[in-house]
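Participant: I am attaching a structure below and will ask some questions about it afterwards.
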Amino acid sequence: MAGASPITPARAAAAGGPGGSELLEAKLGLAEFLVASDNPKETAYRSLEWLAEYGELRRGVCLTFDAESGRLGGLAAVGVDPAAVERFTIEPDDHGSRILSLALGRQTDHFDDTRAGSPATPLGRGRYLAVPLSGRIGRETVPTGLLLLGPPTDVLREMAGWLGGILGHRLARLARLRQALESDRRLRRERMLIDTVPDPIILTDTEGAMLVANTAAHRLFGSVEGESEGRRRAVALNNMLFSSAVPQGGWRSDAQSRELLLVDPQEGSDLLFEIITRSVADAREGTAQVAVLRNVSDLHRATEQIEENYRRVRVAEAEARAERDRLDLIINSVADPIVVSDPGGAIVMMNDPAERIFSVPEGASPETALRVRANDAHFSSFVSNLLFGEGTTRHHGGVSLVDPPSGQALPVEAVSGKVLAEHGELAAIVTVLHDRSEQVEKERLYEELKLATEQLEQRITQATVELAEQNEQLRRSKLELEAASAAKSQFLANMSHEFRTPLNAILGYTSMMLQGITGPVSPALEKNLRRVDSNGRHLLALINDVLDISRIEAGRMPVTLSDFELPGLIREVLAELEPIITRSRLSVRSELPRRMPALTSDRPKVKQIVLNLVNNAIKFTPSGSVVVSTSFDARRKETAVSVTDTGIGIDPEDQERIFEDFRQADNSPAREYGGAGLGLAICRRLADILDGRLELRSRPGQGSTFSLVLPRKPRRR
Ligand code: ADP
């Protein structure tokens, strides 16, 4: 306690102050208070009051140095206007100030505030004791303030001397405490400030060891209690990466910047930082490095995204270009002209076929240019229908154009359509034209064809009418003919009958004469009679034949069916022809199978046919043989009687004709063989009414086979 001197009770009592033990108590109480209080103002005020009570103080002020500014200002006062004391200050550079020099002094001194014109202190005019206050901070003794006390009595000097020692130290301690608190608060505020910065900030020493790190940095590089293994590894890796990124060693004037890839200890994901380091120098701390990390992951991602977007745009552009090229190719490969017009109706694009119609080629003649302009005008007028047609998106119709080089008419069919943009506004008009020349030509041909068809139809109608008339005439003629034919048949039948009666009489009388019933007959007469008989019989046969045909044609040939065996019939035929066979000197025989089914037919008619066939075979066979055979086709249920000869045969061209009425293979008047040519005609008709048929196989010079084919039973009857 510098400047303190023991107060003896005797001296205190002599000065009229309190007694020894009371004073000691008072001193102890004050000392205790001063040690306990941490409020400088209260400390000063209490000290002045104590002096007023025990040290005869009337007016006093305590001045202290402000730790930061070094300014000397009023702290507390007794017997003085406190507001004036608070306002009172002396700047540290006020070197002429007596009070400042007193405060910096070491000894208690006198201060006389009466010398100057106006009082230098709020104490007012008077003489005062100036007690400098000082205290130790560390090893240093520093001035802490000044007590100006009045009136300057001995008691006050003694008490103030004692008190000044304690108060100076106490104020020094409190100032230091306050300073520490203040710097601690400032530090905390600064800490708070750097902690609120979202970017990691780190202070390292020149060796790269971390000195200070804010919260954001701590999250990346700091370990926490009970952390996971993954986080621990991530933090260790981050620290390693960080130290390799921070430049070590001495002072660097420029800020260094580089990229640093770290790991997010929480998420485990990559974080890209830009690290900026700068050297800082401090007189006490020396050189250090400040590193500020800026998270550029998002920026990096955004850059990547932008690059990706840009790449996509490029790809899309290339695709669009390719698409457009393809479209051009397609449009140009279409044979029909295609024209794209803008919303104003001006042509903006067209394919090659359209170019031929709507653009003037280089070196074209004035006529060609004129035609192109005319085409343009017609086309524009067509497109305007769509442009000014309210609400329509499509227009269809014909346009009359011309082929510019040739001037030939080019009738086209056109369809225009609106192409709408995203918001429904008109973007373009596409028109497709189709050459109708061919169709027009086809239509013309069609019209011609239609006319010709109509004319033809008219003619056909007319011809049909004529034909119907002719048919009617024919029908009538047929009826007439049928009537005539019936009349003819009737006439022939009648006539034949009429012929036969006298002929039978002639033959009868001739026979009687030849038999000598009418008297003896000379050989010459007999010869003539035989001629009459022969010709008469021939005539009778002829008349019978004519009668048969007439009957058949008139439908008056009756058919009488019976069951009979063919061998018997054949035997009968051969027996009847016996005289002719004998005369012919031919080998005439029958070849009959053992078993033949019985036949159901008209026996006399079958016999008549077979008789005729055998008769013809003998007649037309100069030498050789005639064979009569039968056969049965079980599948077709048909029986055949065949007559085969080795005679003259029949030319192929005659093979059908010989079945016609009055037809003979040799129709010449000088023919070799007799006959009327009715036999086969009758045979065919008879076979027909028996549901059978006549077949012929013959080769000239080799012979013939006539076959009568009959059903087992006739169908019709
Ligand atoms: P005709 O009374 O003349 O014999 P047909 O009608 O019986 O009349 O025969 C017609 C013609 O068919 C005959 O004139 C003859 O030329 C030819 N003809 C018929 N049968 C034979 C045959 N077996 N061989 C060759 N020719 C035949």
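Residues in the structure tokens are numbered from 1 in each chain, the chains being A, B, ... in the order shown, and ligands are numbered from 1 in the order shown.
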Residues within 7 Å of range 174-186 of chain A, please, as a short mmCIF file (atom, residue, chain, number, x, y, z; two decimals) with N, CA and C atoms, in the first residue's frame. Count only C-alpha atoms; anything in the same chain fewer than 3 positions from it doesn't count.
Facilitator:
```cif
data_model
loop_
_atom_site.label_atom_id
_atom_site.label_comp_id
_atom_site.auth_asym_id
_atom_site.auth_seq_id
_atom_site.Cartn_x
_atom_site.Cartn_y
_atom_site.Cartn_z
N ASP A 38 -17.26 -4.50 -7.22
CA ASP A 38 -16.60 -4.53 -8.54
C ASP A 38 -17.10 -3.35 -9.36
N PRO A 40 -16.59 0.48 -10.09
CA PRO A 40 -15.64 1.56 -9.83
C PRO A 40 -16.32 2.82 -9.28
N ALA A 67 -9.57 3.50 -19.63
CA ALA A 67 -8.55 2.54 -20.08
C ALA A 67 -8.31 2.61 -21.58
N ARG A 170 -7.39 -0.61 -6.26
CA ARG A 170 -8.70 -1.23 -6.54
C ARG A 170 -9.23 -0.80 -7.91
N LEU A 171 -9.06 0.49 -8.15
CA LEU A 171 -9.55 1.00 -9.45
C LEU A 171 -8.76 0.38 -10.62
N ARG A 189 -18.15 -11.32 -29.46
CA ARG A 189 -18.91 -10.70 -30.56
C ARG A 189 -18.24 -11.01 -31.89
N GLU A 190 -16.91 -10.89 -31.89
CA GLU A 190 -16.18 -11.17 -33.12
C GLU A 190 -16.36 -12.63 -33.53
#
```
Participant: Show which residues sit within 6 Å of Asn295 in chain A, as a ChimeraX atom specification. Count only C-alpha atoms, and ignore same-chain residues fewer than 2 positions away.
Facilitator: /A:272-273,297
Participant: Write a file of the selected residues as an mmCIF file, in the first residue's frame, keeping all heavy atoms.
Facilitator:
```cif
data_model
loop_
_atom_site.group_PDB
_atom_site.id
_atom_site.type_symbol
_atom_site.label_atom_id
_atom_site.label_comp_id
_atom_site.auth_asym_id
_atom_site.auth_seq_id
_atom_site.Cartn_x
_atom_site.Cartn_y
_atom_site.Cartn_z
ATOM 1 N N LEU A 272 -17.489 -29.107 -53.258
ATOM 2 C CA LEU A 272 -16.402 -28.426 -53.955
ATOM 3 C C LEU A 272 -16.291 -27.007 -53.410
ATOM 4 O O LEU A 272 -17.291 -26.285 -53.350
ATOM 5 C CB LEU A 272 -16.687 -28.403 -55.459
ATOM 6 C CG LEU A 272 -15.538 -27.850 -56.284
ATOM 7 C CD1 LEU A 272 -14.368 -28.822 -56.283
ATOM 8 C CD2 LEU A 272 -15.985 -27.563 -57.702
ATOM 9 N N PHE A 273 -15.097 -26.644 -52.972
ATOM 10 C CA PHE A 273 -14.879 -25.303 -52.411
ATOM 11 C C PHE A 273 -13.858 -24.557 -53.239
ATOM 12 O O PHE A 273 -12.977 -25.159 -53.854
ATOM 13 C CB PHE A 273 -14.349 -25.401 -50.976
ATOM 14 C CG PHE A 273 -15.402 -25.844 -49.997
ATOM 15 C CD1 PHE A 273 -15.575 -27.184 -49.691
ATOM 16 C CD2 PHE A 273 -16.233 -24.904 -49.389
ATOM 17 C CE1 PHE A 273 -16.542 -27.582 -48.798
ATOM 18 C CE2 PHE A 273 -17.209 -25.304 -48.486
ATOM 19 C CZ PHE A 273 -17.365 -26.642 -48.187
ATOM 20 N N SER A 297 -20.014 -25.956 -54.814
ATOM 21 C CA SER A 297 -20.637 -27.190 -55.341
ATOM 22 C C SER A 297 -21.846 -26.847 -56.170
ATOM 23 O O SER A 297 -22.018 -27.330 -57.295
ATOM 24 C CB SER A 297 -21.083 -28.097 -54.197
ATOM 25 O OG SER A 297 -19.999 -28.378 -53.389
#
```
Participant: Check the smallest atom-to-atom distance from each of A:Glu653, A:Glu425, A:Asp645, A:Asp298 to ligand 1 using only C-alpha atoms and all ligand atoms, then report the winner.
Facilitator: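 Nearest to ligand 1: A:Asp645.
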Participant: For a test of reading the model, state the distance in Å between CA of Gln458 in chain A and CA of Val440 in chain A, rounded to one decimal.
Facilitator: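 One can read the CA of Gln458 in chain A to CA of Val440 in chain A distance as 26.8 Å.
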Participant: Using only C-alpha atoms, which protein or nucleic acid residues come within 10 Å of Asp352 in chain A? Drop anything in the same chain fewer than 5 positions from it, and give the result as a list in words.
Facilitator: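 That gives Ile331, Asn332, Ser333, Val334, Ala335, Asp336, Pro337, Ile338, Val339, Ile357, Phe358 and Ser359 of chain A.
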Participant: Would you compute the distance between CA of Glu576 in chain A and CA of Val709 in chain A? Give it in Å to one decimal.
Facilitator: 22.3 Å
Participant: Kindly indicate which residue among A:Phe620, A:Phe632, A:Trp251, A:Phe65 lies nearest to ligand 1, using only C-alpha atoms and all ligand atoms for the distances.
Facilitator: A:Phe620
Participant: Give me the residues within 10 Å of range 596-607 of chain A as an MDAnalysis selection string, counting only C-alpha atoms and dropping any in the same chain fewer than 4 places off.
Facilitator: chainID A and resid 558:567 569:570 572:573 592 611:613 630:632 634 637:639 641 683 686:687 689:692 708 710:714 717
Participant: Among range 394-524 of chain A, which residues does DSSP mark as strand (DSSP E) when it is run on the backbone? Keep the chain and numbering as in the structure and answer as a ChimeraX atom specification.
Facilitator: /A:394-402,409-420,426-435
Participant: So that I can check the surroundings of Leu387 in chain A, please list as a list in words every protein, DNA and RNA residue that reaches within 12 Å of it, counting only C-alpha atoms and ignoring chain neighbours fewer than 4 positions away.
Facilitator: Ser341, Asp342, Pro343, Gly344, Gly345, Ala346, Ser380, Ser381, Phe382, Val383, Gly391, Thr392, Thr393, Arg394, His395, Ser416, Gly417, Lys418, Val419, Leu426, Ala427, Ala428, Ile429 and Val430 of chain A
Participant: Would you output that residue set with N, CA and C atoms, as an mmCIF file, in the first residue's frame?
Facilitator:
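Below is the file result_1.cif, written as the result:
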```cif
data_model
loop_
_atom_site.group_PDB
_atom_site.id
_atom_site.type_symbol
_atom_site.label_atom_id
_atom_site.label_comp_id
_atom_site.auth_asym_id
_atom_site.auth_seq_id
_atom_site.Cartn_x
_atom_site.Cartn_y
_atom_site.Cartn_z
ATOM 1 N N SER A 341 -46.738 -20.783 -97.273
ATOM 2 C CA SER A 341 -46.871 -19.323 -97.298
ATOM 3 C C SER A 341 -46.849 -18.800 -95.874
ATOM 4 N N ASP A 342 -46.378 -17.520 -95.719
ATOM 5 C CA ASP A 342 -46.396 -16.923 -94.382
ATOM 6 C C ASP A 342 -47.798 -16.372 -94.100
ATOM 7 N N PRO A 343 -48.053 -15.930 -92.845
ATOM 8 C CA PRO A 343 -49.410 -15.472 -92.536
ATOM 9 C C PRO A 343 -49.873 -14.321 -93.433
ATOM 10 N N GLY A 344 -48.934 -13.645 -94.104
ATOM 11 C CA GLY A 344 -49.331 -12.573 -95.013
ATOM 12 C C GLY A 344 -49.664 -13.110 -96.407
ATOM 13 N N GLY A 345 -49.465 -14.407 -96.619
ATOM 14 C CA GLY A 345 -49.802 -15.007 -97.914
ATOM 15 C C GLY A 345 -48.610 -15.087 -98.852
ATOM 16 N N ALA A 346 -47.431 -14.572 -98.433
ATOM 17 C CA ALA A 346 -46.260 -14.622 -99.320
ATOM 18 C C ALA A 346 -45.642 -16.011 -99.260
ATOM 19 N N SER A 380 -52.483 -16.986 -105.065
ATOM 20 C CA SER A 380 -52.727 -16.052 -103.950
ATOM 21 C C SER A 380 -54.210 -15.912 -103.694
ATOM 22 N N SER A 381 -54.967 -15.832 -104.775
ATOM 23 C CA SER A 381 -56.417 -15.674 -104.617
ATOM 24 C C SER A 381 -57.004 -16.914 -103.927
ATOM 25 N N PHE A 382 -56.430 -18.089 -104.245
ATOM 26 C CA PHE A 382 -56.931 -19.325 -103.604
ATOM 27 C C PHE A 382 -56.605 -19.316 -102.112
ATOM 28 N N VAL A 383 -55.326 -18.956 -101.792
ATOM 29 C CA VAL A 383 -54.903 -18.968 -100.386
ATOM 30 C C VAL A 383 -55.683 -17.935 -99.569
ATOM 31 N N GLY A 391 -62.595 -18.723 -89.025
ATOM 32 C CA GLY A 391 -62.777 -20.009 -88.333
ATOM 33 C C GLY A 391 -62.409 -21.241 -89.144
ATOM 34 N N THR A 392 -62.128 -21.079 -90.431
ATOM 35 C CA THR A 392 -61.793 -22.272 -91.221
ATOM 36 C C THR A 392 -60.306 -22.555 -91.102
ATOM 37 N N THR A 393 -59.963 -23.830 -91.027
ATOM 38 C CA THR A 393 -58.543 -24.194 -90.943
ATOM 39 C C THR A 393 -58.092 -24.894 -92.219
ATOM 40 N N ARG A 394 -59.036 -25.123 -93.134
ATOM 41 C CA ARG A 394 -58.721 -25.884 -94.330
ATOM 42 C C ARG A 394 -59.557 -25.349 -95.494
ATOM 43 N N HIS A 395 -58.971 -25.270 -96.664
ATOM 44 C CA HIS A 395 -59.743 -24.849 -97.831
ATOM 45 C C HIS A 395 -59.394 -25.762 -98.997
ATOM 46 N N SER A 416 -55.457 -26.205 -98.888
ATOM 47 C CA SER A 416 -54.645 -25.342 -98.037
ATOM 48 C C SER A 416 -55.016 -25.608 -96.592
ATOM 49 N N GLY A 417 -53.999 -25.654 -95.740
ATOM 50 C CA GLY A 417 -54.265 -25.863 -94.314
ATOM 51 C C GLY A 417 -53.483 -24.859 -93.500
ATOM 52 N N LYS A 418 -54.079 -24.408 -92.384
ATOM 53 C CA LYS A 418 -53.387 -23.459 -91.507
ATOM 54 C C LYS A 418 -52.487 -24.230 -90.555
ATOM 55 N N VAL A 419 -51.279 -23.720 -90.335
ATOM 56 C CA VAL A 419 -50.401 -24.288 -89.318
ATOM 57 C C VAL A 419 -50.414 -23.294 -88.166
ATOM 58 N N LEU A 426 -51.613 -17.880 -86.153
ATOM 59 C CA LEU A 426 -51.292 -18.459 -87.457
ATOM 60 C C LEU A 426 -49.789 -18.391 -87.703
ATOM 61 N N ALA A 427 -49.173 -19.548 -87.964
ATOM 62 C CA ALA A 427 -47.724 -19.574 -88.195
ATOM 63 C C ALA A 427 -47.419 -19.664 -89.692
ATOM 64 N N ALA A 428 -48.187 -20.443 -90.402
ATOM 65 C CA ALA A 428 -47.942 -20.620 -91.836
ATOM 66 C C ALA A 428 -49.165 -21.266 -92.490
ATOM 67 N N ILE A 429 -49.145 -21.258 -93.819
ATOM 68 C CA ILE A 429 -50.207 -21.957 -94.556
ATOM 69 C C ILE A 429 -49.516 -22.925 -95.507
ATOM 70 N N VAL A 430 -49.908 -24.187 -95.441
ATOM 71 C CA VAL A 430 -49.312 -25.196 -96.320
ATOM 72 C C VAL A 430 -50.347 -25.567 -97.381
#
```
Participant: Nearest to ligand 1 among A:Val626, A:Leu100, A:Ala216, A:Ala44, with distances taken over only C-alpha atoms and all ligand atoms: which residue is it?
Facilitator: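 Of A:Val626, A:Leu100, A:Ala216, A:Ala44, the one nearest ligand 1 is A:Val626, counting only C-alpha atoms and all ligand atoms.
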Participant: Looking at only C-alpha atoms and all ligand atoms, which of A:Leu48, A:Met349, A:Ile650, A:Leu586 is the one that sits closest to ligand 1?
Facilitator: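 Among A:Leu48, A:Met349, A:Ile650, A:Leu586, it is A:Ile650 that comes nearest to ligand 1.
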Participant: Do you have the CA of Cys62 in chain A-CA of Gly74 in chain A distance handy?
Facilitator: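 One can read the CA of Cys62 in chain A to CA of Gly74 in chain A distance as 6.1 Å.
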Participant: Can you list, as a PyMOL selection string, every residue of range 55-263 of chain A that DSSP puts in helix (DSSP H, G or I)?
Facilitator: chain A and resi 82-87+98-104+154-196+215-221+229-245
Participant: Which residues are close to Leu271 in chain A, i.e. within 12 Å by only C-alpha atoms, leaving aside same-chain residues fewer than 2 positions away? Reply as a PyMOL selection string.
Facilitator: chain A and resi 220+234+238+259-269+273-274+293-301
Participant: Applying 7 Å and only C-alpha atoms, which residues near range 136-148 of chain A remain after dropping the ones on its own chain fewer than 3 positions away? List them as a VMD selection string.
Facilitator: chain A and resid 60 to 65 103 to 104 128 to 133 168 to 169 171 to 172
Participant: Keeping all heavy atoms, export the residues of the selection given above as a compact mmCIF listing (two decimals), in the first residue's frame.
Facilitator:
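Final file, result-v5.txt:
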```txt
# COMPACT_ATOMS: atom_id res chain seq x y z
N GLY A 60 -15.10 17.01 -2.58
CA GLY A 60 -14.08 16.15 -3.18
C GLY A 60 -14.58 15.50 -4.47
O GLY A 60 -15.76 15.35 -4.68
N VAL A 61 -13.62 15.19 -5.30
CA VAL A 61 -13.96 14.54 -6.57
C VAL A 61 -12.92 13.46 -6.87
O VAL A 61 -11.76 13.63 -6.54
CB VAL A 61 -14.07 15.58 -7.72
CG1 VAL A 61 -12.74 16.28 -7.97
CG2 VAL A 61 -14.56 14.95 -9.02
N CYS A 62 -13.39 12.39 -7.44
CA CYS A 62 -12.48 11.30 -7.85
C CYS A 62 -12.46 11.26 -9.38
O CYS A 62 -13.51 11.09 -10.01
CB CYS A 62 -12.96 9.97 -7.27
SG CYS A 62 -11.94 8.58 -7.81
N LEU A 63 -11.28 11.44 -9.97
CA LEU A 63 -11.13 11.38 -11.44
C LEU A 63 -10.41 10.07 -11.79
O LEU A 63 -9.52 9.67 -11.07
CB LEU A 63 -10.32 12.57 -11.92
CG LEU A 63 -10.82 13.97 -11.52
CD1 LEU A 63 -9.80 15.03 -11.92
CD2 LEU A 63 -12.16 14.27 -12.17
N THR A 64 -10.81 9.46 -12.90
CA THR A 64 -10.10 8.22 -13.32
C THR A 64 -9.77 8.30 -14.81
O THR A 64 -10.43 9.00 -15.57
CB THR A 64 -10.96 6.96 -13.09
OG1 THR A 64 -12.21 7.15 -13.72
CG2 THR A 64 -11.13 6.61 -11.65
N PHE A 65 -8.73 7.54 -15.15
CA PHE A 65 -8.35 7.42 -16.57
C PHE A 65 -9.23 6.35 -17.24
O PHE A 65 -9.44 5.27 -16.68
CB PHE A 65 -6.88 6.99 -16.71
CG PHE A 65 -5.90 8.08 -16.40
CD1 PHE A 65 -5.18 8.10 -15.20
CD2 PHE A 65 -5.68 9.11 -17.33
CE1 PHE A 65 -4.29 9.10 -14.92
CE2 PHE A 65 -4.77 10.12 -17.03
CZ PHE A 65 -4.07 10.12 -15.83
N ALA A 103 -2.22 14.00 -11.74
CA ALA A 103 -2.70 12.61 -11.77
C ALA A 103 -1.60 11.65 -12.17
O ALA A 103 -1.55 10.51 -11.72
CB ALA A 103 -3.87 12.50 -12.74
N LEU A 104 -0.68 12.15 -13.00
CA LEU A 104 0.42 11.27 -13.42
C LEU A 104 1.56 11.28 -12.41
O LEU A 104 2.47 10.46 -12.52
CB LEU A 104 0.92 11.70 -14.81
CG LEU A 104 -0.10 11.53 -15.94
CD1 LEU A 104 0.44 12.16 -17.24
CD2 LEU A 104 -0.41 10.06 -16.19
N TYR A 128 -7.00 22.56 -2.57
CA TYR A 128 -7.34 21.15 -2.44
C TYR A 128 -6.09 20.29 -2.33
O TYR A 128 -5.03 20.68 -2.79
CB TYR A 128 -8.15 20.70 -3.67
CG TYR A 128 -9.43 21.48 -3.85
CD1 TYR A 128 -9.49 22.57 -4.72
CD2 TYR A 128 -10.57 21.11 -3.12
CE1 TYR A 128 -10.65 23.28 -4.87
CE2 TYR A 128 -11.74 21.84 -3.29
CZ TYR A 128 -11.79 22.91 -4.16
OH TYR A 128 -12.93 23.63 -4.28
N LEU A 129 -6.34 19.16 -1.81
CA LEU A 129 -5.27 18.16 -1.80
C LEU A 129 -5.41 17.34 -3.09
O LEU A 129 -6.51 16.97 -3.46
CB LEU A 129 -5.44 17.19 -0.62
CG LEU A 129 -4.94 17.64 0.74
CD1 LEU A 129 -5.31 16.58 1.79
CD2 LEU A 129 -3.42 17.81 0.72
N ALA A 130 -4.29 17.10 -3.77
CA ALA A 130 -4.33 16.26 -5.00
C ALA A 130 -3.63 14.96 -4.69
O ALA A 130 -2.43 14.95 -4.46
CB ALA A 130 -3.65 17.01 -6.14
N VAL A 131 -4.44 13.89 -4.60
CA VAL A 131 -3.86 12.57 -4.27
C VAL A 131 -3.89 11.71 -5.55
O VAL A 131 -4.95 11.28 -5.99
CB VAL A 131 -4.70 11.87 -3.16
CG1 VAL A 131 -4.07 10.54 -2.76
CG2 VAL A 131 -4.86 12.77 -1.98
N PRO A 132 -2.69 11.50 -6.17
CA PRO A 132 -2.68 10.66 -7.37
C PRO A 132 -2.97 9.18 -7.01
O PRO A 132 -2.54 8.73 -5.97
CB PRO A 132 -1.26 10.82 -7.91
CG PRO A 132 -0.45 11.31 -6.78
CD PRO A 132 -1.34 11.98 -5.80
N LEU A 133 -3.76 8.53 -7.86
CA LEU A 133 -4.11 7.12 -7.64
C LEU A 133 -3.35 6.27 -8.65
O LEU A 133 -3.23 6.63 -9.82
CB LEU A 133 -5.62 6.90 -7.84
CG LEU A 133 -6.54 7.73 -6.95
CD1 LEU A 133 -8.00 7.52 -7.36
CD2 LEU A 133 -6.37 7.36 -5.49
N GLY A 168 -6.47 3.39 -5.40
CA GLY A 168 -5.72 3.34 -6.68
C GLY A 168 -5.60 1.91 -7.17
O GLY A 168 -5.86 1.60 -8.33
N HIS A 169 -5.18 1.03 -6.22
CA HIS A 169 -5.04 -0.38 -6.60
C HIS A 169 -6.36 -1.00 -7.05
O HIS A 169 -6.43 -1.73 -8.04
CB HIS A 169 -4.48 -1.18 -5.41
CG HIS A 169 -3.00 -1.09 -5.34
ND1 HIS A 169 -2.16 -1.72 -6.23
CD2 HIS A 169 -2.18 -0.40 -4.51
CE1 HIS A 169 -0.93 -1.43 -5.96
NE2 HIS A 169 -0.89 -0.60 -4.88
N LEU A 171 -9.06 0.49 -8.15
CA LEU A 171 -9.55 1.00 -9.45
C LEU A 171 -8.76 0.38 -10.62
O LEU A 171 -9.32 0.06 -11.67
CB LEU A 171 -9.47 2.52 -9.50
CG LEU A 171 -10.54 3.26 -8.67
CD1 LEU A 171 -10.31 4.77 -8.73
CD2 LEU A 171 -11.94 2.94 -9.17
N ALA A 172 -7.43 0.20 -10.35
CA ALA A 172 -6.60 -0.44 -11.40
C ALA A 172 -7.09 -1.85 -11.68
O ALA A 172 -7.22 -2.28 -12.83
CB ALA A 172 -5.14 -0.45 -10.96
```
